[in-house]
file protein_5.cif (mmCIF, C-alpha atoms)
data_target
#
loop_
_atom_site.group_PDB
_atom_site.id
_atom_site.type_symbol
_atom_site.label_atom_id
_atom_site.label_comp_id
_atom_site.auth_asym_id
_atom_site.auth_seq_id
_atom_site.Cartn_x
_atom_site.Cartn_y
_atom_site.Cartn_z
ATOM 1 C CA MET A 216 -3.167 -8.721 -16.335
ATOM 2 C CA SER A 217 -6.542 -7.102 -16.862
ATOM 3 C CA SER A 218 -5.289 -3.556 -17.336
ATOM 4 C CA VAL A 219 -6.278 -1.702 -20.466
ATOM 5 C CA LEU A 220 -5.440 1.860 -21.416
ATOM 6 C CA GLN A 221 -8.162 3.548 -23.399
ATOM 7 C CA PRO A 222 -9.459 7.067 -23.949
ATOM 8 C CA PRO A 223 -12.749 7.768 -22.163
ATOM 9 C CA ALA A 224 -15.561 6.089 -24.075
ATOM 10 C CA THR A 225 -17.913 8.270 -26.075
ATOM 11 C CA GLY A 226 -21.258 7.349 -27.522
ATOM 12 C CA LYS A 227 -23.121 4.087 -27.082
ATOM 13 C CA GLU A 228 -20.991 1.022 -26.408
ATOM 14 C CA PRO A 229 -21.803 -2.267 -28.160
ATOM 15 C CA SER A 230 -23.566 -4.922 -26.107
ATOM 16 C CA GLY A 231 -21.167 -6.938 -23.926
ATOM 17 C CA ALA A 232 -18.340 -4.388 -24.264
ATOM 18 C CA THR A 233 -16.053 -3.792 -21.308
ATOM 19 C CA LYS A 234 -17.150 -0.790 -19.284
ATOM 20 C CA TYR A 235 -14.448 1.823 -18.814
ATOM 21 C CA ARG A 236 -14.432 4.267 -15.931
ATOM 22 C CA PRO A 237 -12.912 7.697 -16.675
ATOM 23 C CA VAL A 238 -10.052 8.317 -14.223
ATOM 24 C CA SER A 239 -8.809 11.581 -15.719
ATOM 25 C CA SER A 240 -9.285 13.585 -18.909
ATOM 26 C CA HIS A 241 -6.684 11.340 -20.593
ATOM 27 C CA LEU A 242 -7.267 7.927 -19.009
ATOM 28 C CA ALA A 243 -10.082 5.428 -18.515
ATOM 29 C CA ILE A 244 -9.680 1.991 -16.936
ATOM 30 C CA ALA A 245 -11.514 -1.309 -16.900
ATOM 31 C CA PRO A 246 -10.095 -2.884 -13.679
ATOM 32 C CA PRO A 247 -12.214 -2.191 -10.569
ATOM 33 C CA VAL A 248 -10.341 -0.418 -7.746
ATOM 34 C CA SER A 249 -10.830 -1.239 -4.051
ATOM 35 C CA VAL A 250 -9.697 1.173 -1.333
ATOM 36 C CA VAL A 251 -8.871 -0.330 2.080
ATOM 37 C CA ILE A 252 -9.035 1.978 5.105
ATOM 38 C CA PRO A 253 -8.045 0.551 8.517
ATOM 39 C CA ALA A 254 -9.681 2.670 11.223
ATOM 40 C CA MET A 255 -9.982 2.756 14.989
ATOM 41 C CA ASN A 256 -11.776 5.728 16.541
ATOM 42 C CA GLU A 257 -11.416 7.902 13.442
ATOM 43 C CA ALA A 258 -14.979 9.254 13.242
ATOM 44 C CA GLU A 259 -13.798 12.881 13.150
ATOM 45 C CA ASN A 260 -11.323 12.231 10.331
ATOM 46 C CA LEU A 261 -13.463 10.115 8.027
ATOM 47 C CA PRO A 262 -15.431 13.024 6.470
ATOM 48 C CA TYR A 263 -12.182 14.449 5.064
ATOM 49 C CA VAL A 264 -10.833 11.050 4.021
ATOM 50 C CA PHE A 265 -14.020 10.074 2.165
ATOM 51 C CA ARG A 266 -14.365 13.512 0.575
ATOM 52 C CA THR A 267 -10.992 13.183 -1.147
ATOM 53 C CA LEU A 268 -11.680 9.721 -2.595
ATOM 54 C CA PRO A 269 -12.361 9.727 -6.363
ATOM 55 C CA ASP A 270 -15.923 8.898 -7.358
ATOM 56 C CA TRP A 271 -14.758 6.287 -9.898
ATOM 57 C CA ILE A 272 -13.439 3.779 -7.345
ATOM 58 C CA HIS A 273 -15.258 0.452 -7.210
ATOM 59 C CA GLU A 274 -15.554 -0.014 -3.445
ATOM 60 C CA VAL A 275 -14.383 1.252 -0.059
ATOM 61 C CA VAL A 276 -13.526 -1.399 2.535
ATOM 62 C CA LEU A 277 -13.410 0.022 6.058
ATOM 63 C CA VAL A 278 -11.741 -2.270 8.591
ATOM 64 C CA ASP A 279 -12.985 -1.293 12.035
ATOM 65 C CA GLY A 280 -10.549 -2.025 14.850
ATOM 66 C CA ASN A 281 -13.200 -2.231 17.602
ATOM 67 C CA SER A 282 -13.831 1.523 17.639
ATOM 68 C CA THR A 283 -15.564 3.009 20.677
ATOM 69 C CA ASP A 284 -16.714 6.139 18.825
ATOM 70 C CA ASP A 285 -19.024 6.531 15.827
ATOM 71 C CA THR A 286 -16.497 5.436 13.197
ATOM 72 C CA VAL A 287 -18.769 2.845 11.586
ATOM 73 C CA ALA A 288 -21.913 5.001 11.715
ATOM 74 C CA VAL A 289 -20.090 7.970 10.199
ATOM 75 C CA ALA A 290 -18.622 5.805 7.425
ATOM 76 C CA ARG A 291 -22.065 4.450 6.505
ATOM 77 C CA ALA A 292 -23.615 7.914 6.580
ATOM 78 C CA LEU A 293 -20.899 9.268 4.280
ATOM 79 C CA ARG A 294 -20.963 6.325 1.892
ATOM 80 C CA PRO A 295 -23.959 3.994 2.222
ATOM 81 C CA ASP A 296 -22.287 1.365 0.033
ATOM 82 C CA VAL A 297 -19.171 1.143 2.216
ATOM 83 C CA LYS A 298 -18.143 -2.416 3.084
ATOM 84 C CA VAL A 299 -17.462 -2.561 6.844
ATOM 85 C CA VAL A 300 -15.322 -5.434 8.075
ATOM 86 C CA GLU A 301 -14.757 -6.141 11.760
ATOM 87 C CA GLN A 302 -11.159 -6.664 12.784
ATOM 88 C CA ARG A 303 -10.792 -9.679 15.035
ATOM 89 C CA GLY A 304 -7.115 -9.292 15.863
ATOM 90 C CA LYS A 305 -5.029 -6.236 16.701
ATOM 91 C CA GLY A 306 -2.570 -4.005 14.872
ATOM 92 C CA LYS A 307 -2.393 -2.258 11.505
ATOM 93 C CA GLY A 308 -0.949 -5.285 9.739
ATOM 94 C CA ASP A 309 -3.788 -7.486 10.923
ATOM 95 C CA ALA A 310 -6.320 -4.826 9.854
ATOM 96 C CA LEU A 311 -4.865 -4.528 6.357
ATOM 97 C CA ILE A 312 -4.717 -8.293 5.832
ATOM 98 C CA THR A 313 -8.366 -8.496 6.927
ATOM 99 C CA GLY A 314 -9.285 -5.723 4.497
ATOM 100 C CA PHE A 315 -7.373 -7.252 1.589
ATOM 101 C CA GLN A 316 -9.298 -10.490 2.014
ATOM 102 C CA ALA A 317 -12.586 -8.604 1.710
ATOM 103 C CA CYS A 318 -11.670 -6.758 -1.505
ATOM 104 C CA THR A 319 -13.287 -7.655 -4.820
ATOM 105 C CA GLY A 320 -11.376 -5.205 -7.038
ATOM 106 C CA ASP A 321 -8.430 -6.104 -9.272
ATOM 107 C CA ILE A 322 -6.478 -3.144 -7.860
ATOM 108 C CA ILE A 323 -6.144 -2.520 -4.113
ATOM 109 C CA VAL A 324 -5.190 0.850 -2.620
ATOM 110 C CA MET A 325 -4.148 1.297 1.033
ATOM 111 C CA VAL A 326 -5.189 4.617 2.627
ATOM 112 C CA ASP A 327 -4.823 5.703 6.271
ATOM 113 C CA ALA A 328 -7.902 6.999 8.115
ATOM 114 C CA ASP A 329 -6.215 9.922 9.883
ATOM 115 C CA GLY A 330 -6.551 12.435 7.049
ATOM 116 C CA SER A 331 -2.813 12.492 6.287
ATOM 117 C CA ALA A 332 -3.263 11.131 2.742
ATOM 118 C CA ASP A 333 -4.908 12.883 -0.189
ATOM 119 C CA GLY A 334 -7.253 10.501 -1.977
ATOM 120 C CA GLN A 335 -6.898 12.500 -5.189
ATOM 121 C CA GLU A 336 -3.395 11.021 -5.526
ATOM 122 C CA ILE A 337 -4.948 7.604 -6.175
ATOM 123 C CA VAL A 338 -5.083 8.422 -9.882
ATOM 124 C CA SER A 339 -1.264 8.474 -9.979
ATOM 125 C CA TYR A 340 -1.043 5.071 -8.311
ATOM 126 C CA VAL A 341 -3.613 3.512 -10.625
ATOM 127 C CA SER A 342 -1.973 5.075 -13.678
ATOM 128 C CA ALA A 343 1.335 3.443 -12.711
ATOM 129 C CA LEU A 344 -0.327 0.044 -12.331
ATOM 130 C CA VAL A 345 -2.255 0.057 -15.592
ATOM 131 C CA SER A 346 0.935 1.253 -17.307
ATOM 132 C CA GLY A 347 2.806 -1.904 -16.290
ATOM 133 C CA ALA A 348 3.842 -1.751 -12.620
ATOM 134 C CA ASP A 349 2.854 -4.516 -10.202
ATOM 135 C CA PHE A 350 3.236 -2.408 -7.055
ATOM 136 C CA ALA A 351 2.882 1.393 -6.812
ATOM 137 C CA LYS A 352 4.712 2.562 -3.714
ATOM 138 C CA GLY A 353 4.094 5.992 -2.234
ATOM 139 C CA SER A 354 7.182 8.009 -1.347
ATOM 140 C CA ARG A 355 7.404 11.214 0.650
ATOM 141 C CA PHE A 356 11.012 11.674 -0.457
ATOM 142 C CA ALA A 357 10.767 11.119 -4.215
ATOM 143 C CA ASN A 358 10.796 14.279 -6.345
ATOM 144 C CA GLY A 359 7.411 15.934 -5.856
ATOM 145 C CA GLY A 360 6.680 14.262 -2.511
ATOM 146 C CA GLY A 361 6.785 15.725 0.980
ATOM 147 C CA THR A 362 5.685 15.397 4.598
ATOM 148 C CA ASP A 363 4.268 17.711 7.260
ATOM 149 C CA ASP A 364 4.131 14.999 9.899
ATOM 150 C CA MET A 365 7.579 13.547 10.549
ATOM 151 C CA THR A 366 9.802 14.258 13.536
ATOM 152 C CA LEU A 367 13.563 14.353 13.143
ATOM 153 C CA ILE A 368 14.029 11.006 14.892
ATOM 154 C CA ARG A 369 11.440 9.350 12.632
ATOM 155 C CA ARG A 370 13.022 10.874 9.541
ATOM 156 C CA LEU A 371 16.487 9.627 10.527
ATOM 157 C CA GLY A 372 15.152 6.205 11.467
ATOM 158 C CA ASN A 373 13.256 5.855 8.206
ATOM 159 C CA ALA A 374 16.350 6.846 6.216
ATOM 160 C CA ALA A 375 18.551 4.334 8.053
ATOM 161 C CA LEU A 376 16.078 1.485 7.691
ATOM 162 C CA CYS A 377 15.465 2.344 4.048
ATOM 163 C CA ALA A 378 19.221 2.257 3.362
ATOM 164 C CA ALA A 379 19.439 -1.144 5.058
ATOM 165 C CA VAL A 380 16.659 -2.592 2.881
ATOM 166 C CA ASN A 381 18.200 -1.149 -0.281
ATOM 167 C CA ARG A 382 21.592 -2.612 0.576
ATOM 168 C CA LYS A 383 20.407 -6.016 1.786
ATOM 169 C CA PHE A 384 17.749 -6.687 -0.861
ATOM 170 C CA GLY A 385 18.947 -4.716 -3.879
ATOM 171 C CA ALA A 386 16.039 -2.265 -3.738
ATOM 172 C CA ARG A 387 16.101 1.392 -4.789
ATOM 173 C CA TYR A 388 13.544 2.884 -2.417
ATOM 174 C CA THR A 389 13.553 6.502 -1.290
ATOM 175 C CA ASP A 390 10.998 5.852 1.470
ATOM 176 C CA LEU A 391 10.312 2.721 3.506
ATOM 177 C CA CYS A 392 7.777 3.225 6.300
ATOM 178 C CA TYR A 393 4.853 4.784 4.436
ATOM 179 C CA GLY A 394 1.390 3.268 4.238
ATOM 180 C CA TYR A 395 0.029 4.802 1.030
ATOM 181 C CA ASN A 396 0.489 2.070 -1.593
ATOM 182 C CA ALA A 397 -1.433 0.322 -4.365
ATOM 183 C CA PHE A 398 -1.027 -3.010 -6.128
ATOM 184 C CA TRP A 399 -2.686 -5.635 -8.288
ATOM 185 C CA ARG A 400 -4.572 -8.119 -6.115
ATOM 186 C CA HIS A 401 -2.624 -11.064 -7.576
ATOM 187 C CA CYS A 402 0.494 -9.723 -5.816
ATOM 188 C CA LEU A 403 -0.919 -10.960 -2.499
ATOM 189 C CA ASP A 404 -0.299 -14.544 -3.647
ATOM 190 C CA LYS A 405 3.404 -13.771 -3.994
ATOM 191 C CA ILE A 406 4.129 -11.799 -0.817
ATOM 192 C CA ASP A 407 2.170 -13.831 1.789
ATOM 193 C CA LEU A 408 1.772 -11.223 4.546
ATOM 194 C CA ASP A 409 2.137 -12.546 8.079
ATOM 195 C CA CYS A 410 2.660 -9.660 10.512
ATOM 196 C CA THR A 411 0.285 -7.642 12.676
ATOM 197 C CA GLY A 412 1.820 -4.211 13.376
ATOM 198 C CA PHE A 413 3.057 -1.057 11.654
ATOM 199 C CA GLU A 414 5.935 -3.088 10.213
ATOM 200 C CA VAL A 415 3.528 -4.442 7.575
ATOM 201 C CA GLU A 416 4.557 -1.735 5.064
ATOM 202 C CA THR A 417 8.220 -2.727 5.375
ATOM 203 C CA LEU A 418 7.375 -6.411 4.984
ATOM 204 C CA MET A 419 5.410 -5.665 1.810
ATOM 205 C CA ASN A 420 8.236 -3.543 0.391
ATOM 206 C CA ILE A 421 10.793 -6.279 1.018
ATOM 207 C CA ARG A 422 8.718 -9.153 -0.289
ATOM 208 C CA VAL A 423 7.718 -7.461 -3.545
ATOM 209 C CA VAL A 424 11.435 -7.081 -4.270
ATOM 210 C CA LYS A 425 12.154 -10.684 -3.307
ATOM 211 C CA ALA A 426 9.303 -11.809 -5.562
ATOM 212 C CA GLY A 427 10.765 -9.903 -8.512
ATOM 213 C CA LEU A 428 7.688 -7.688 -8.924
ATOM 214 C CA LYS A 429 7.935 -4.408 -10.818
ATOM 215 C CA VAL A 430 7.763 -1.471 -8.413
ATOM 216 C CA GLN A 431 7.199 2.173 -9.260
ATOM 217 C CA GLU A 432 7.509 4.889 -6.640
ATOM 218 C CA ILE A 433 4.800 7.558 -6.613
ATOM 219 C CA PRO A 434 5.595 10.999 -5.142
ATOM 220 C CA SER A 435 3.126 11.591 -2.312
ATOM 221 C CA HIS A 436 2.544 14.336 0.233
ATOM 222 C CA GLU A 437 1.813 13.350 3.823
ATOM 223 C CA TYR A 438 -0.260 15.890 5.756
ATOM 224 C CA LEU A 439 -0.713 16.281 9.491
ATOM 225 C CA ARG A 440 -3.233 14.033 11.207
ATOM 226 C CA ILE A 441 -6.401 16.122 11.484
ATOM 227 C CA HIS A 442 -7.831 14.843 14.787
ATOM 228 C CA GLY A 443 -6.667 12.459 17.476
ATOM 229 C CA VAL A 444 -3.299 10.948 18.330
ATOM 230 C CA SER A 445 -1.366 8.363 16.333
ATOM 231 C CA ASN A 446 -0.737 4.905 17.778
ATOM 232 C CA LEU A 447 2.698 4.886 16.136
ATOM 233 C CA ARG A 448 5.652 4.766 18.561
ATOM 234 C CA ALA A 449 8.943 5.599 16.865
ATOM 235 C CA VAL A 450 11.310 3.454 18.952
ATOM 236 C CA ARG A 451 9.010 0.491 19.525
ATOM 237 C CA ASP A 452 7.821 0.265 15.943
ATOM 238 C CA GLY A 453 11.283 1.040 14.568
ATOM 239 C CA LEU A 454 12.596 -2.022 16.392
ATOM 240 C CA ARG A 455 9.773 -4.131 14.950
ATOM 241 C CA VAL A 456 10.722 -2.936 11.463
ATOM 242 C CA LEU A 457 14.367 -3.802 12.126
ATOM 243 C CA ARG A 458 13.409 -7.306 13.244
ATOM 244 C CA VAL A 459 11.464 -7.792 10.008
ATOM 245 C CA ILE A 460 14.512 -6.750 7.954
ATOM 246 C CA VAL A 461 16.787 -9.144 9.859
ATOM 247 C CA ARG A 462 14.286 -11.995 9.618
ATOM 248 C CA GLU A 463 13.696 -11.546 5.903
ATOM 249 C CA ARG A 464 17.430 -11.373 5.254
ATOM 250 C CA SER A 465 17.985 -14.552 7.277
ATOM 251 C CA ASN A 466 15.204 -16.327 5.392
ATOM 252 C CA ARG A 467 16.786 -15.308 2.102
ATOM 253 C CA ARG A 468 20.157 -16.699 3.192
ATOM 254 C CA ALA A 469 18.558 -19.930 4.405
ATOM 255 C CA LEU A 470 16.768 -20.448 1.100
ATOM 256 C CA ARG A 471 19.914 -19.680 -0.883
ATOM 257 C CA GLY A 472 21.977 -22.023 1.303
ATOM 258 C CA GLY A 473 19.423 -24.793 0.869
ATOM 259 C CA ARG A 474 19.562 -24.468 -2.908
ATOM 260 C CA ASP A 475 23.369 -24.511 -2.882
ATOM 261 C CA ARG A 476 23.603 -27.574 -0.644
ATOM 262 C CA SER A 477 20.923 -29.704 -2.299
ATOM 263 C CA PRO A 478 20.589 -28.842 -5.969
ATOM 264 C CA VAL A 479 17.726 -30.459 -7.824
ATOM 265 C CA PRO A 480 18.893 -32.271 -10.984
ATOM 266 C CA GLY A 481 17.886 -30.306 -14.067
ATOM 267 C CA ALA A 482 16.637 -27.325 -12.023
ATOM 268 C CA VAL A 483 16.928 -23.857 -13.527
ATOM 269 C CA PRO A 484 18.489 -21.226 -11.207
ATOM 270 C CA ALA A 485 16.009 -18.610 -9.999
ATOM 271 C CA ALA A 486 16.095 -15.343 -11.896
ATOM 272 C CA ARG A 487 17.322 -12.257 -10.111
ATOM 273 C CA PRO A 488 14.553 -9.824 -9.071
ATOM 274 C CA ALA A 489 13.699 -7.274 -11.734
ATOM 275 C CA ARG A 490 15.121 -3.796 -11.289
ATOM 276 C CA GLN A 491 12.608 -1.313 -9.991
ATOM 277 C CA VAL A 492 11.332 1.666 -11.875
ATOM 278 C CA ARG A 493 11.406 4.884 -9.941
ATOM 279 C CA GLY A 494 9.713 8.090 -10.843
ATOM 280 C CA LYS A 495 6.392 9.791 -11.224
ATOM 281 C CA ALA A 496 3.606 8.017 -13.047
ATOM 282 C CA SER A 497 2.619 9.542 -16.340
#
call {"tool": "encode", "arguments": {"input": "protein_5.cif", "output": "structure tokens"}}
result
Amino acid sequence: MSSVLQPPATGKEPSGATKYRPVSSHLAIAPPVSVVIPAMNEAENLPYVFRTLPDWIHEVVLVDGNSTDDTVAVARALRPDVKVVEQRGKGKGDALITGFQACTGDIIVMVDADGSADGQEIVSYVSALVSGADFAKGSRFANGGGTDDMTLIRRLGNAALCAAVNRKFGARYTDLCYGYNAFWRHCLDKIDLDCTGFEVETLMNIRVVKAGLKVQEIPSHEYLRIHGVSNLRAVRDGLRVLRVIVRERSNRRALRGGRDRSPVPGAVPAARPARQVRGKAS
């Protein structure tokens, strides 16, 4: 893992030395950080979203979902070096997968384009990763988190689905359906994303546990969408999330059953997934 914790560099660095980017007054990092923003008709929200992004990030990858407004033009005006990627399919999952493929950073951060996330929180996610976590998962319900944009039915649905994932997969999540997350790019090789809709966050959360990756929850505050209307539909997307949970549980049983029925001579049993670390990044 290419993470290194160092105090901000002072003075002239020797030739060929790794360049550290100051993240805070107490932390500087070497790994480049990519921020992926899936967007469709979010021109009015992008000024706020881009304004909150730290200036030390390596790149911003905007995935445009065939916007009919000035989303792309606004993004380029705000940040001339933005990497714009056209989404060929449909859905948030498809957009994120497209964006991940375009990233060049060692760390990838997922941020929504509606203005509900504060980009200044990215430092907490990155701190957790360079301190040893594989996946930094935002939580609105961890100590220090919160939400201004959740109806009662969505809150109850999220709690029920989160409890199901914790029980079925041995996780310890406090939040399930939240799209503000960060991870090392190598994690993508272990979770193999293959869904197109809002259920992508749930699929990621389940597969990082199944892969035995170290997860740390990061308290996060979700604000109200600034402009426009969300494409999220509580019942429809809740059912898609439930289908993902059932499918992943069935796949786990099938794999376990296959190992039990046809053991490979001399094979070593798979290790149980590592316990997750929960709490605020230092």
call {"tool": "resolve_selection", "arguments": {"input": "protein_5.cif", "expression": "the PyMOL selection byres ((chain A and resi 356-366) around 12)", "output": "PyMOL selection string"}}
result
chain A and resi 329-333+336+352-355+367-374+377+387-393+431-441+444-445+447-449+493-496
call {"tool": "residues_around", "arguments": {"input": "protein_5.cif", "residues": "Glu416 in chain A", "least_positions_apart": "5", "cutoff": "12 Å", "atoms": "all atoms listed in the file", "output": "PyMOL selection string"}}
result
chain A and resi 307-309+311-312+325-326+352-354+373+377+390-397+406+408-411+421-423+452-453+455-456+459-460
call {"tool": "write_last_selection", "arguments": {"input": "protein_5.cif", "atoms": "C-alpha atoms", "output": "compact mmCIF listing (two decimals), in the coordinates of the input"}}
result
# COMPACT_ATOMS: atom_id res chain seq x y z
CA LYS A 307 -2.39 -2.26 11.50
CA GLY A 308 -0.95 -5.28 9.74
CA ASP A 309 -3.79 -7.49 10.92
CA LEU A 311 -4.86 -4.53 6.36
CA ILE A 312 -4.72 -8.29 5.83
CA MET A 325 -4.15 1.30 1.03
CA VAL A 326 -5.19 4.62 2.63
CA LYS A 352 4.71 2.56 -3.71
CA GLY A 353 4.09 5.99 -2.23
CA SER A 354 7.18 8.01 -1.35
CA ASN A 373 13.26 5.86 8.21
CA CYS A 377 15.46 2.34 4.05
CA ASP A 390 11.00 5.85 1.47
CA LEU A 391 10.31 2.72 3.51
CA CYS A 392 7.78 3.22 6.30
CA TYR A 393 4.85 4.78 4.44
CA GLY A 394 1.39 3.27 4.24
CA TYR A 395 0.03 4.80 1.03
CA ASN A 396 0.49 2.07 -1.59
CA ALA A 397 -1.43 0.32 -4.36
CA ILE A 406 4.13 -11.80 -0.82
CA LEU A 408 1.77 -11.22 4.55
CA ASP A 409 2.14 -12.55 8.08
CA CYS A 410 2.66 -9.66 10.51
CA THR A 411 0.28 -7.64 12.68
CA ILE A 421 10.79 -6.28 1.02
CA ARG A 422 8.72 -9.15 -0.29
CA VAL A 423 7.72 -7.46 -3.54
CA ASP A 452 7.82 0.26 15.94
CA GLY A 453 11.28 1.04 14.57
CA ARG A 455 9.77 -4.13 14.95
CA VAL A 456 10.72 -2.94 11.46
CA VAL A 459 11.46 -7.79 10.01
CA ILE A 460 14.51 -6.75 7.95
call {"tool": "residues_near_point", "arguments": {"input": "protein_5.cif", "point": "(-14.1, -3.0, 12.0)", "cutoff": "10 Å", "atoms": "all atoms listed in the file", "output": "PDB file with C-alpha atoms, keeping the file's coordinate frame"}}
result
ATOM      1  CA  ILE A 252      -9.035   1.978   5.105  1.00  0.00           C
ATOM      2  CA  PRO A 253      -8.045   0.551   8.517  1.00  0.00           C
ATOM      3  CA  ALA A 254      -9.681   2.670  11.223  1.00  0.00           C
ATOM      4  CA  MET A 255      -9.982   2.756  14.989  1.00  0.00           C
ATOM      5  CA  VAL A 276     -13.526  -1.399   2.535  1.00  0.00           C
ATOM      6  CA  LEU A 277     -13.410   0.022   6.058  1.00  0.00           C
ATOM      7  CA  VAL A 278     -11.741  -2.270   8.591  1.00  0.00           C
ATOM      8  CA  ASP A 279     -12.985  -1.293  12.035  1.00  0.00           C
ATOM      9  CA  GLY A 280     -10.549  -2.025  14.850  1.00  0.00           C
ATOM     10  CA  ASN A 281     -13.200  -2.231  17.602  1.00  0.00           C
ATOM     11  CA  SER A 282     -13.831   1.523  17.639  1.00  0.00           C
ATOM     12  CA  THR A 286     -16.497   5.436  13.197  1.00  0.00           C
ATOM     13  CA  VAL A 287     -18.769   2.845  11.586  1.00  0.00           C
ATOM     14  CA  LYS A 298     -18.143  -2.416   3.084  1.00  0.00           C
ATOM     15  CA  VAL A 299     -17.462  -2.561   6.844  1.00  0.00           C
ATOM     16  CA  VAL A 300     -15.322  -5.434   8.075  1.00  0.00           C
ATOM     17  CA  GLU A 301     -14.757  -6.141  11.760  1.00  0.00           C
ATOM     18  CA  GLN A 302     -11.159  -6.664  12.784  1.00  0.00           C
ATOM     19  CA  ARG A 303     -10.792  -9.679  15.035  1.00  0.00           C
ATOM     20  CA  ALA A 310      -6.320  -4.826   9.854  1.00  0.00           C
ATOM     21  CA  THR A 313      -8.366  -8.496   6.927  1.00  0.00           C
ATOM     22  CA  GLY A 314      -9.285  -5.723   4.497  1.00  0.00           C
TER      23      GLY A 314
END
call {"tool": "residues_around", "arguments": {"input": "protein_5.cif", "residues": "Asp296 in chain A", "least_positions_apart": "3", "cutoff": "8 Å", "atoms": "all atoms listed in the file", "output": "mmCIF file with C-alpha atoms, in the coordinates of the input"}}
result
data_model
loop_
_atom_site.group_PDB
_atom_site.id
_atom_site.type_symbol
_atom_site.label_atom_id
_atom_site.label_comp_id
_atom_site.auth_asym_id
_atom_site.auth_seq_id
_atom_site.Cartn_x
_atom_site.Cartn_y
_atom_site.Cartn_z
ATOM 1 C CA GLU A 274 -15.554 -0.014 -3.445
ATOM 2 C CA VAL A 275 -14.383 1.252 -0.059
ATOM 3 C CA ARG A 291 -22.065 4.450 6.505
#
call {"tool": "closest_residue", "arguments": {"input": "protein_5.cif", "among": "A:Ala258, A:Ala245, A:Val264, A:Ala348", "to": "Thr283 in chain A", "atoms": "all atoms listed in the file"}}
result
A:Ala258
call {"tool": "closest_residue", "arguments": {"input": "protein_5.cif", "among": "A:Leu428, A:Ala386, A:Asp327, A:Gln335", "to": "Phe413 in chain A", "atoms": "all atoms listed in the file"}}
result
A:Asp327
call {"tool": "atom_distance", "arguments": {"input": "protein_5.cif", "atom1": "CA of Asn381 in chain A", "atom2": "CA of Phe350 in chain A"}}
result
16.5 Å
call {"tool": "atom_distance", "arguments": {"input": "protein_5.cif", "atom1": "CA of His241 in chain A", "atom2": "CA of Val338 in chain A"}}
result
11.2 Å
call {"tool": "residues_around", "arguments": {"input": "protein_5.cif", "residues": "Pro269 in chain A", "least_positions_apart": "2", "cutoff": "8 Å", "atoms": "only C-alpha atoms", "output": "list in words"}}
result
Thr267, Trp271, Ile272, Gly334, Gln335 and Ile337 of chain A
call {"tool": "atom_distance", "arguments": {"input": "protein_5.cif", "atom1": "CA of Arg400 in chain A", "atom2": "CA of Tyr235 in chain A"}}
result
18.9 Å
call {"tool": "residues_around", "arguments": {"input": "protein_5.cif", "residues": "range 315-320 of chain A", "least_positions_apart": "4", "cutoff": "6 Å", "atoms": "all atoms listed in the file", "output": "ChimeraX atom specification"}}
result
/A:247-249
call {"tool": "build_atoms", "arguments": {"input": "protein_5.cif", "residues": "range 409-418 of chain A", "atoms": "N, CA, C and O atoms", "output": "compact mmCIF listing (two decimals), in the frame of the given file"}}
result
# COMPACT_ATOMS: atom_id res chain seq x y z
N ASP A 409 2.31 -11.81 6.83
CA ASP A 409 2.14 -12.55 8.08
C ASP A 409 2.63 -11.75 9.28
O ASP A 409 3.34 -12.27 10.15
N CYS A 410 2.29 -10.46 9.35
CA CYS A 410 2.66 -9.66 10.51
C CYS A 410 1.45 -8.82 10.92
O CYS A 410 0.52 -8.64 10.14
N THR A 411 1.48 -8.30 12.14
CA THR A 411 0.28 -7.64 12.68
C THR A 411 0.42 -6.14 12.88
O THR A 411 -0.60 -5.44 12.98
N GLY A 412 1.64 -5.60 12.98
CA GLY A 412 1.82 -4.21 13.38
C GLY A 412 2.13 -3.25 12.25
O GLY A 412 1.91 -3.54 11.06
N PHE A 413 2.70 -2.09 12.62
CA PHE A 413 3.06 -1.06 11.65
C PHE A 413 4.17 -1.52 10.71
O PHE A 413 4.37 -0.90 9.67
N GLU A 414 4.85 -2.59 11.06
CA GLU A 414 5.94 -3.09 10.21
C GLU A 414 5.42 -3.74 8.92
O GLU A 414 6.20 -4.14 8.07
N VAL A 415 4.11 -3.80 8.75
CA VAL A 415 3.53 -4.44 7.58
C VAL A 415 3.98 -3.77 6.28
O VAL A 415 4.22 -4.44 5.27
N GLU A 416 4.12 -2.42 6.29
CA GLU A 416 4.56 -1.74 5.06
C GLU A 416 5.96 -2.17 4.66
O GLU A 416 6.25 -2.40 3.49
N THR A 417 6.85 -2.29 5.65
CA THR A 417 8.22 -2.73 5.38
C THR A 417 8.23 -4.16 4.83
O THR A 417 8.94 -4.46 3.88
N LEU A 418 7.43 -5.02 5.44
CA LEU A 418 7.38 -6.41 4.98
C LEU A 418 6.91 -6.48 3.53
O LEU A 418 7.48 -7.22 2.72
